[in-house]
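Asker: I am sharing entry11.cif, which consists of mmCIF, C-alpha atoms:
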data_target
#
loop_
_atom_site.group_PDB
_atom_site.id
_atom_site.type_symbol
_atom_site.label_atom_id
_atom_site.label_comp_id
_atom_site.auth_asym_id
_atom_site.auth_seq_id
_atom_site.Cartn_x
_atom_site.Cartn_y
_atom_site.Cartn_z
ATOM 1 C CA MET H 1 -4.337 15.362 32.168
ATOM 2 C CA LYS H 2 -3.181 14.212 28.723
ATOM 3 C CA LYS H 3 -6.226 15.798 27.074
ATOM 4 C CA ASN H 4 -5.690 19.085 28.928
ATOM 5 C CA ILE H 5 -2.074 19.244 27.796
ATOM 6 C CA LEU H 6 -3.010 18.564 24.176
ATOM 7 C CA LEU H 7 -5.737 21.199 24.256
ATOM 8 C CA TYR H 8 -3.312 23.735 25.673
ATOM 9 C CA LEU H 9 -0.763 22.930 22.998
ATOM 10 C CA THR H 10 -3.420 23.209 20.301
ATOM 11 C CA ILE H 11 -4.334 26.728 21.429
ATOM 12 C CA LEU H 12 -0.668 27.687 21.710
ATOM 13 C CA LEU H 13 0.169 26.396 18.249
ATOM 14 C CA PHE H 14 -2.667 28.362 16.674
ATOM 15 C CA THR H 15 -1.275 31.631 18.035
ATOM 16 C CA CYS H 16 1.997 31.456 16.162
ATOM 17 C CA SER H 17 3.762 30.177 13.099
ATOM 18 C CA TYR H 18 6.502 27.589 13.245
ATOM 19 C CA ALA H 19 9.805 28.027 11.483
ATOM 20 C CA ASP H 20 13.228 26.506 11.959
ATOM 21 C CA ALA H 21 15.473 29.126 10.395
ATOM 22 C CA LYS H 22 18.632 27.306 11.462
ATOM 23 C CA THR H 23 17.865 24.180 9.442
ATOM 24 C CA GLN H 24 19.490 23.861 6.020
ATOM 25 C CA PRO H 25 20.841 27.439 5.826
ATOM 26 C CA GLY H 26 21.001 28.990 2.391
ATOM 27 C CA LYS H 27 18.297 26.774 0.902
ATOM 28 C CA SER H 28 14.956 28.180 -0.200
ATOM 29 C CA LYS H 29 12.172 27.467 2.261
ATOM 30 C CA ILE H 30 9.144 25.343 1.619
ATOM 31 C CA ARG H 31 6.088 27.081 3.052
ATOM 32 C CA ILE H 32 3.066 25.071 4.173
ATOM 33 C CA PHE H 33 -0.274 26.487 5.281
ATOM 34 C CA VAL H 34 -2.282 24.463 7.801
ATOM 35 C CA LEU H 35 -5.955 25.174 8.456
ATOM 36 C CA ALA H 36 -7.448 23.480 11.505
ATOM 37 C CA GLU H 37 -10.115 23.937 14.130
ATOM 38 C CA SER H 38 -9.046 25.353 17.476
ATOM 39 C CA GLY H 39 -11.609 23.440 19.512
ATOM 40 C CA GLY H 40 -14.406 20.928 19.335
ATOM 41 C CA ALA H 41 -14.305 17.188 18.841
ATOM 42 C CA HIS H 42 -11.171 17.206 16.696
ATOM 43 C CA ALA H 43 -8.953 19.416 18.852
ATOM 44 C CA LEU H 44 -6.937 16.494 20.210
ATOM 45 C CA PHE H 45 -6.170 15.115 16.747
ATOM 46 C CA ASP H 46 -5.290 18.591 15.489
ATOM 47 C CA GLY H 47 -2.961 19.212 18.422
ATOM 48 C CA ALA H 48 -1.168 15.878 17.958
ATOM 49 C CA ALA H 49 -0.905 16.439 14.202
ATOM 50 C CA GLN H 50 0.584 19.880 14.673
ATOM 51 C CA MET H 51 3.240 18.592 17.057
ATOM 52 C CA TRP H 52 4.110 15.920 14.490
ATOM 53 C CA LEU H 53 4.217 18.495 11.691
ATOM 54 C CA ASN H 54 6.433 20.819 13.695
ATOM 55 C CA LYS H 55 8.913 18.032 14.282
ATOM 56 C CA LEU H 56 8.987 17.252 10.553
ATOM 57 C CA ALA H 57 9.408 20.948 9.776
ATOM 58 C CA GLY H 58 12.396 21.127 12.088
ATOM 59 C CA GLU H 59 13.993 18.131 10.383
ATOM 60 C CA LYS H 60 13.385 19.331 6.818
ATOM 61 C CA GLY H 61 13.568 23.111 7.123
ATOM 62 C CA PHE H 62 9.943 23.733 6.222
ATOM 63 C CA ILE H 63 8.055 26.816 7.381
ATOM 64 C CA ILE H 64 4.544 26.061 8.606
ATOM 65 C CA ASP H 65 1.889 28.706 9.256
ATOM 66 C CA TYR H 66 -1.282 27.814 11.149
ATOM 67 C CA ALA H 67 -4.754 29.343 11.115
ATOM 68 C CA SER H 68 -8.044 28.426 12.777
ATOM 69 C CA ASP H 69 -10.293 30.271 10.325
ATOM 70 C CA THR H 70 -10.282 31.403 6.687
ATOM 71 C CA LYS H 71 -10.309 35.182 7.250
ATOM 72 C CA LYS H 72 -6.786 35.711 5.873
ATOM 73 C CA ILE H 73 -7.207 33.499 2.824
ATOM 74 C CA ASN H 74 -7.215 35.203 -0.554
ATOM 75 C CA LYS H 75 -5.342 34.683 -3.802
ATOM 76 C CA GLU H 76 -2.413 36.856 -2.747
ATOM 77 C CA PHE H 77 -2.122 35.075 0.610
ATOM 78 C CA LEU H 78 -2.040 31.610 -0.955
ATOM 79 C CA LYS H 79 0.802 32.589 -3.316
ATOM 80 C CA GLN H 80 3.174 32.059 -0.359
ATOM 81 C CA TYR H 81 2.414 28.364 0.003
ATOM 82 C CA GLN H 82 3.390 25.268 -1.945
ATOM 83 C CA LEU H 83 1.068 23.096 0.144
ATOM 84 C CA PHE H 84 -2.286 23.618 1.866
ATOM 85 C CA ILE H 85 -3.107 21.084 4.604
ATOM 86 C CA GLN H 86 -6.697 21.015 5.830
ATOM 87 C CA LEU H 87 -6.624 19.371 9.254
ATOM 88 C CA ASP H 88 -10.186 18.625 10.296
ATOM 89 C CA TYR H 89 -11.565 21.910 9.029
ATOM 90 C CA PRO H 90 -14.989 21.625 7.352
ATOM 91 C CA PRO H 91 -16.013 23.067 3.970
ATOM 92 C CA TYR H 92 -17.872 25.792 5.894
ATOM 93 C CA PRO H 93 -17.839 28.535 7.187
ATOM 94 C CA TRP H 94 -15.473 30.001 4.591
ATOM 95 C CA GLU H 95 -15.548 33.627 3.540
ATOM 96 C CA LYS H 96 -16.529 34.072 -0.110
ATOM 97 C CA GLU H 97 -13.091 35.462 -0.984
ATOM 98 C CA ALA H 98 -11.445 32.454 0.666
ATOM 99 C CA GLN H 99 -13.618 30.063 -1.323
ATOM 100 C CA GLU H 100 -12.730 31.752 -4.596
ATOM 101 C CA ALA H 101 -9.027 31.790 -3.742
ATOM 102 C CA PHE H 102 -9.037 28.111 -2.806
ATOM 103 C CA GLU H 103 -10.891 27.116 -5.969
ATOM 104 C CA ASP H 104 -8.311 29.024 -8.030
ATOM 105 C CA TYR H 105 -5.444 27.434 -6.063
ATOM 106 C CA ILE H 106 -6.760 23.924 -6.761
ATOM 107 C CA GLN H 107 -8.201 24.303 -10.258
ATOM 108 C CA ASN H 108 -5.093 25.991 -11.619
ATOM 109 C CA GLY H 109 -2.481 23.960 -9.748
ATOM 110 C CA LYS H 110 -0.995 26.876 -7.819
ATOM 111 C CA GLY H 111 -0.204 24.551 -4.939
ATOM 112 C CA ALA H 112 -1.048 21.117 -3.548
ATOM 113 C CA TRP H 113 -3.645 20.039 -0.984
ATOM 114 C CA ILE H 114 -4.003 17.332 1.676
ATOM 115 C CA GLY H 115 -7.257 17.027 3.597
ATOM 116 C CA PHE H 116 -8.101 14.950 6.652
ATOM 117 C CA HIS H 117 -11.517 13.720 7.789
ATOM 118 C CA HIS H 118 -13.641 16.868 8.151
ATOM 119 C CA PRO H 119 -13.443 18.304 4.590
ATOM 120 C CA THR H 120 -16.130 15.816 3.478
ATOM 121 C CA LEU H 121 -18.650 17.118 6.024
ATOM 122 C CA LEU H 122 -20.586 18.331 3.015
ATOM 123 C CA GLY H 123 -24.152 19.522 3.321
ATOM 124 C CA VAL H 124 -26.155 22.264 5.010
ATOM 125 C CA PHE H 125 -24.736 22.853 8.499
ATOM 126 C CA ASP H 126 -25.125 25.753 10.954
ATOM 127 C CA ASN H 127 -27.165 27.634 8.341
ATOM 128 C CA TYR H 128 -24.329 27.541 5.828
ATOM 129 C CA PRO H 129 -25.242 26.249 2.369
ATOM 130 C CA MET H 130 -23.280 23.402 0.867
ATOM 131 C CA TRP H 131 -20.259 24.550 -1.098
ATOM 132 C CA GLN H 132 -21.090 22.810 -4.367
ATOM 133 C CA TRP H 133 -17.621 23.228 -5.852
ATOM 134 C CA PHE H 134 -16.093 21.475 -2.839
ATOM 135 C CA SER H 135 -18.624 18.660 -3.122
ATOM 136 C CA ASP H 136 -17.603 18.188 -6.762
ATOM 137 C CA PHE H 137 -13.933 18.308 -5.747
ATOM 138 C CA MET H 138 -14.541 15.539 -3.204
ATOM 139 C CA GLY H 139 -16.274 13.325 -5.766
ATOM 140 C CA LYS H 140 -19.772 14.841 -5.987
ATOM 141 C CA ILE H 141 -20.751 13.526 -2.562
ATOM 142 C CA GLU H 142 -22.872 14.698 0.352
ATOM 143 C CA PHE H 143 -22.406 13.727 4.001
ATOM 144 C CA LYS H 144 -25.252 11.671 5.490
ATOM 145 C CA ARG H 145 -24.081 10.259 8.828
ATOM 146 C CA HIS H 146 -21.085 8.955 10.742
ATOM 147 C CA ILE H 147 -20.175 6.342 13.345
ATOM 148 C CA PRO H 148 -20.135 8.055 16.766
ATOM 149 C CA GLY H 149 -17.264 6.761 18.866
ATOM 150 C CA GLY H 150 -15.714 5.149 15.828
ATOM 151 C CA THR H 151 -14.844 1.576 15.042
ATOM 152 C CA TYR H 152 -11.850 -0.392 13.781
ATOM 153 C CA ALA H 153 -11.858 -1.567 10.170
ATOM 154 C CA THR H 154 -9.477 -3.209 7.730
ATOM 155 C CA LEU H 155 -8.137 -0.714 5.208
ATOM 156 C CA LYS H 156 -7.113 -2.196 1.860
ATOM 157 C CA LEU H 157 -4.807 -0.517 -0.638
ATOM 158 C CA GLU H 158 -6.169 -0.343 -4.186
ATOM 159 C CA ASP H 159 -3.360 1.443 -6.024
ATOM 160 C CA LYS H 160 -0.251 -0.003 -4.410
ATOM 161 C CA LYS H 161 2.039 1.768 -6.892
ATOM 162 C CA HIS H 162 0.950 5.254 -5.909
ATOM 163 C CA PRO H 163 3.799 7.123 -4.132
ATOM 164 C CA VAL H 164 1.677 8.102 -1.120
ATOM 165 C CA LEU H 165 1.183 4.417 -0.274
ATOM 166 C CA LYS H 166 4.888 3.525 -0.371
ATOM 167 C CA GLY H 167 5.981 1.428 2.599
ATOM 168 C CA LEU H 168 2.450 0.538 3.666
ATOM 169 C CA PRO H 169 1.197 -3.050 3.970
ATOM 170 C CA ALA H 170 -1.447 -4.209 1.494
ATOM 171 C CA SER H 171 -3.989 -4.041 4.313
ATOM 172 C CA PHE H 172 -3.976 -2.915 7.925
ATOM 173 C CA THR H 173 -6.388 -2.126 10.735
ATOM 174 C CA THR H 174 -7.246 1.468 11.572
ATOM 175 C CA ARG H 175 -9.955 3.282 13.522
ATOM 176 C CA ASP H 176 -12.101 6.327 12.924
ATOM 177 C CA GLU H 177 -15.572 7.828 13.104
ATOM 178 C CA TRP H 178 -16.163 6.766 9.512
ATOM 179 C CA TYR H 179 -18.278 9.088 7.374
ATOM 180 C CA ILE H 180 -21.160 7.791 5.282
ATOM 181 C CA TYR H 181 -22.075 9.658 2.098
ATOM 182 C CA ASN H 182 -25.092 9.682 -0.183
ATOM 183 C CA LYS H 183 -23.024 7.664 -2.667
ATOM 184 C CA SER H 184 -19.496 6.423 -3.251
ATOM 185 C CA PRO H 185 -17.154 9.043 -4.743
ATOM 186 C CA ARG H 186 -15.470 6.320 -6.803
ATOM 187 C CA PRO H 187 -16.872 7.275 -10.251
ATOM 188 C CA ASN H 188 -15.474 10.792 -9.874
ATOM 189 C CA VAL H 189 -12.123 10.292 -8.132
ATOM 190 C CA HIS H 190 -9.106 7.977 -8.196
ATOM 191 C CA VAL H 191 -9.501 5.682 -5.188
ATOM 192 C CA LEU H 192 -6.260 4.683 -3.463
ATOM 193 C CA ALA H 193 -7.694 2.744 -0.528
ATOM 194 C CA SER H 194 -11.013 1.652 0.934
ATOM 195 C CA ILE H 195 -12.257 -0.070 4.070
ATOM 196 C CA ASP H 196 -13.953 -3.435 4.340
ATOM 197 C CA GLU H 197 -17.115 -2.742 6.348
ATOM 198 C CA SER H 198 -17.488 -6.457 7.167
ATOM 199 C CA THR H 199 -14.422 -6.073 9.428
ATOM 200 C CA TYR H 200 -15.938 -3.409 11.702
ATOM 201 C CA ASN H 201 -14.863 -4.086 15.284
ATOM 202 C CA PRO H 202 -17.130 -3.603 17.121
ATOM 203 C CA ASN H 203 -19.682 -4.219 14.377
ATOM 204 C CA LYS H 204 -21.802 -1.232 13.367
ATOM 205 C CA GLU H 205 -24.917 -0.996 11.247
ATOM 206 C CA VAL H 206 -23.827 2.342 9.771
ATOM 207 C CA LYS H 207 -22.534 1.255 6.361
ATOM 208 C CA MET H 208 -22.471 2.486 2.775
ATOM 209 C CA GLY H 209 -21.188 -0.544 0.810
ATOM 210 C CA ASP H 210 -18.320 0.597 -1.410
ATOM 211 C CA HIS H 211 -16.400 2.743 1.074
ATOM 212 C CA PRO H 212 -13.306 4.588 -0.238
ATOM 213 C CA VAL H 213 -11.260 6.340 2.457
ATOM 214 C CA ILE H 214 -8.215 7.657 0.553
ATOM 215 C CA TRP H 215 -8.575 9.230 -2.865
ATOM 216 C CA SER H 216 -7.370 11.888 -5.290
ATOM 217 C CA ASN H 217 -9.297 14.058 -7.753
ATOM 218 C CA GLN H 218 -7.442 13.955 -11.055
ATOM 219 C CA CYS H 219 -9.781 16.437 -12.784
ATOM 220 C CA VAL H 220 -7.988 19.438 -11.263
ATOM 221 C CA LYS H 221 -4.428 20.618 -11.830
ATOM 222 C CA ALA H 222 -3.350 20.614 -8.184
ATOM 223 C CA LYS H 223 -1.956 17.483 -6.599
ATOM 224 C CA ASN H 224 -4.448 16.478 -3.937
ATOM 225 C CA ILE H 225 -5.150 13.701 -1.478
ATOM 226 C CA TYR H 226 -8.151 13.232 0.795
ATOM 227 C CA ILE H 227 -7.771 10.936 3.829
ATOM 228 C CA ALA H 228 -10.932 9.987 5.731
ATOM 229 C CA MET H 229 -9.064 9.318 8.978
ATOM 230 C CA GLY H 230 -8.445 12.203 11.356
ATOM 231 C CA HIS H 231 -10.626 11.982 14.431
ATOM 232 C CA PHE H 232 -8.432 10.305 17.043
ATOM 233 C CA PRO H 233 -5.054 11.674 18.250
ATOM 234 C CA GLU H 234 -3.737 8.100 18.580
ATOM 235 C CA LEU H 235 -3.401 8.062 14.794
ATOM 236 C CA LEU H 236 -0.212 10.087 15.180
ATOM 237 C CA GLU H 237 1.257 7.165 17.143
ATOM 238 C CA ASP H 238 0.407 4.718 14.324
ATOM 239 C CA LYS H 239 3.343 4.079 12.003
ATOM 240 C CA ASN H 240 1.046 3.334 9.061
ATOM 241 C CA PHE H 241 -0.758 6.656 9.450
ATOM 242 C CA THR H 242 2.400 8.731 9.896
ATOM 243 C CA THR H 243 4.031 6.968 6.928
ATOM 244 C CA LEU H 244 0.985 7.907 4.841
ATOM 245 C CA PHE H 245 1.060 11.490 6.125
ATOM 246 C CA ARG H 246 4.775 11.894 5.386
ATOM 247 C CA ASN H 247 4.429 10.318 1.946
ATOM 248 C CA CYS H 248 1.586 12.669 1.074
ATOM 249 C CA ILE H 249 3.608 15.734 2.022
ATOM 250 C CA PHE H 250 6.668 14.802 -0.007
ATOM 251 C CA TRP H 251 4.600 13.650 -2.992
ATOM 252 C CA ALA H 252 2.637 16.904 -2.926
ATOM 253 C CA LEU H 253 5.782 19.032 -2.789
ATOM 254 C CA LYS H 254 7.611 17.153 -5.547
ATOM 255 C CA HIS H 255 7.339 18.815 -8.947
#
Would you put the structure from the file into structure tokens?
Answerer:
Amino acid sequence: MKKNILLYLTILLFTCSYADAKTQPGKSKIRIFVLAESGGAHALFDGAAQMWLNKLAGEKGFIIDYASDTKKINKEFLKQYQLFIQLDYPPYPWEKEAQEAFEDYIQNGKGAWIGFHHPTLLGVFDNYPMWQWFSDFMGKIEFKRHIPGGTYATLKLEDKKHPVLKGLPASFTTRDEWYIYNKSPRPNVHVLASIDESTYNPNKEVKMGDHPVIWSNQCVKAKNIYIAMGHFPELLEDKNFTTLFRNCIFWALKH
């Protein structure tokens, strides 16, 4: 029953934009664009995340627009938004114009970006070629495999002074279907947190050694954060995850 309700809400949320025009009258609105899948394995997480985002928008007077594909994305479209949130949407299939607009948005700092889980599904999938620019943006990595069903692991902060990690413990346990890449992105990004694979519970043989899970690419002008978690809807009931999510939004919007 719970899953059916969340799926229904996910579909409903994709059909409309959310705005709380009565909040903070007279103040200019912050506009956020959220791209997320409308079905599949991540629908429950996306639905829970959207409900959480809508609540935050109501509290802060943000306007949030949702889309389940990239058909509307071009340079003119993205001018409306101070923040682009990629909720479990892969780096394919994007229209060519959308790819070019996003690259411009990130390279030239026209807005900020937060990505969860699926943006690092980098490779050749469903006959779509790998988007090389996005691979470079994510640390010059390529997806190799994941942990079906997920596992718990201890996440350790590496840059405790970074604003997006404010209020988080130095380490905590979290769960996801962790992605394994052809190599660690560490040489090409600023790693904020990683997981200790020796703490997998239950233990899994799917490991990559150095395993960053939160990072930022400082070689582009846009503020950006990638967060590897984003498979399970229960994350939105985890104070550590929602603190991270909230911190990322306010850090990204602060100029």
Asker: Quote the spacing between atom CA of Arg145 of chain H and atom CA of Trp178 of chain H in Å to one decimal place.
Answerer: 8.7 Å
Asker: Expressed in Å to a single decimal, how great is the separation between atom CA of Met130 of chain H and atom CA of Val213 of chain H?
Answerer: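 For atom CA of Met130 of chain H relative to atom CA of Val213 of chain H, the distance reads 20.9 Å.
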Asker: Name the residues captured by the PyMOL selection byres ((chain H and resi 164) around 7) when it is applied to the shown file; answer as a ChimeraX atom specification.
Answerer: /H:162-163,165-166,244,247-248,251
Asker: Restricting the calculation to only C-alpha atoms: of H:Asp210, H:Asn240, H:Lys161, H:Asn224, which residue gets closest to Phe84 of chain H?
Answerer: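 Between H:Asp210, H:Asn240, H:Lys161, H:Asn224, the residue approaching Phe84 of chain H most closely is H:Asn224.
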Asker: Have a look at H:Gly115, H:Gly209, H:Gly58, H:Pro169 and name the one nearest to Lys183 of chain H; count only C-alpha atoms.
Answerer: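 Using only C-alpha atoms, Lys183 of chain H sits closest to H:Gly209.
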Asker: For Gly111 of chain H, which residue out of H:Ala170, H:Ala228, H:Ala222, H:Leu157 is the nearest one, using all atoms listed in the file?
Answerer: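 Checking each of H:Ala170, H:Ala228, H:Ala222, H:Leu157 against Gly111 of chain H, counting all atoms listed in the file, the winner is H:Ala222.
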Asker: Counting all atoms listed in the file, what is within 10 Å of His211 of chain H, bar same-chain residues fewer than 5 positions away, as a list in words?
Answerer: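 Everything that qualifies: Leu155, Trp178, Tyr179, Ile180, Tyr181, Lys183, Ser184, Pro185, Arg186, Val191, Ala193, Ser194, Ile195, Asp196 and Glu197 of chain H.
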Asker: Tell me, as an MDAnalysis selection string, which residues lie within 12 Å of segment 68-71 of chain H, counting all atoms listed in the file; anything in the same chain fewer than 2 positions away does not count.
Answerer: chainID H and resid 10:17 33:40 43 46:47 65:66 73:74 77:78 86:102
Asker: Step by step, work through what the PyMOL selection byres ((chain H and resi 121) around 7) selects in the shown file, and finish by giving those residues as a count of residues only.
Answerer: 8
Asker: Once the PyMOL selection byres ((chain H and resi 201) around 9) has been applied to the shown file, what residues remain in the selection, as a PyMOL selection string?
Answerer: chain H and resi 151-153+198-200+202-204
Asker: Once 5 Å is added on each side, what centre and edge lengths in Å to one decimal does the axis-aligned box around all listed atoms of segment 208-211 of chain H have, as JSON?
Answerer:
{"center_x": -19.4, "center_y": 1.1, "center_z": 0.7, "size_x": 16.1, "size_y": 13.3, "size_z": 14.2}
Asker: Find the residues around Tyr226 of chain H up to 6 Å (only C-alpha atoms counted), leave out those fewer than 3 positions away in its own chain, and share them as a VMD selection string.
Answerer: chain H and resid 114 to 115 214 to 215
Asker: To one decimal in Å, tell me the separation between atom CA of Asn108 of chain H and atom CA of Ala252 of chain H.
Answerer: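 The value is 14.8 Å.
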Asker: Measuring atom to atom with only C-alpha atoms, identify which of H:Phe62, H:Phe232, H:Trp133, H:Phe125 is nearest to Ile249 of chain H.
Answerer: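 Among the listed residues, H:Phe62 lies closest to Ile249 of chain H.
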Asker: Under the rule that only C-alpha atoms are counted, which of H:Thr243, H:Ile32, H:Gly149, H:Pro187 is the nearest residue to Trp113 of chain H?
Answerer: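 Looking at the shortest contact to Trp113 of chain H, the residue is H:Ile32.
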Asker: I'd like the neighbourhood of Glu234 of chain H as JSON, numbers by chain, where a residue qualifies if any of its atoms comes within 9 Å (using only C-alpha atoms), though same-chain residues fewer than 4 positions away should be ignored.
Answerer: {"H": [45, 48, 238]}
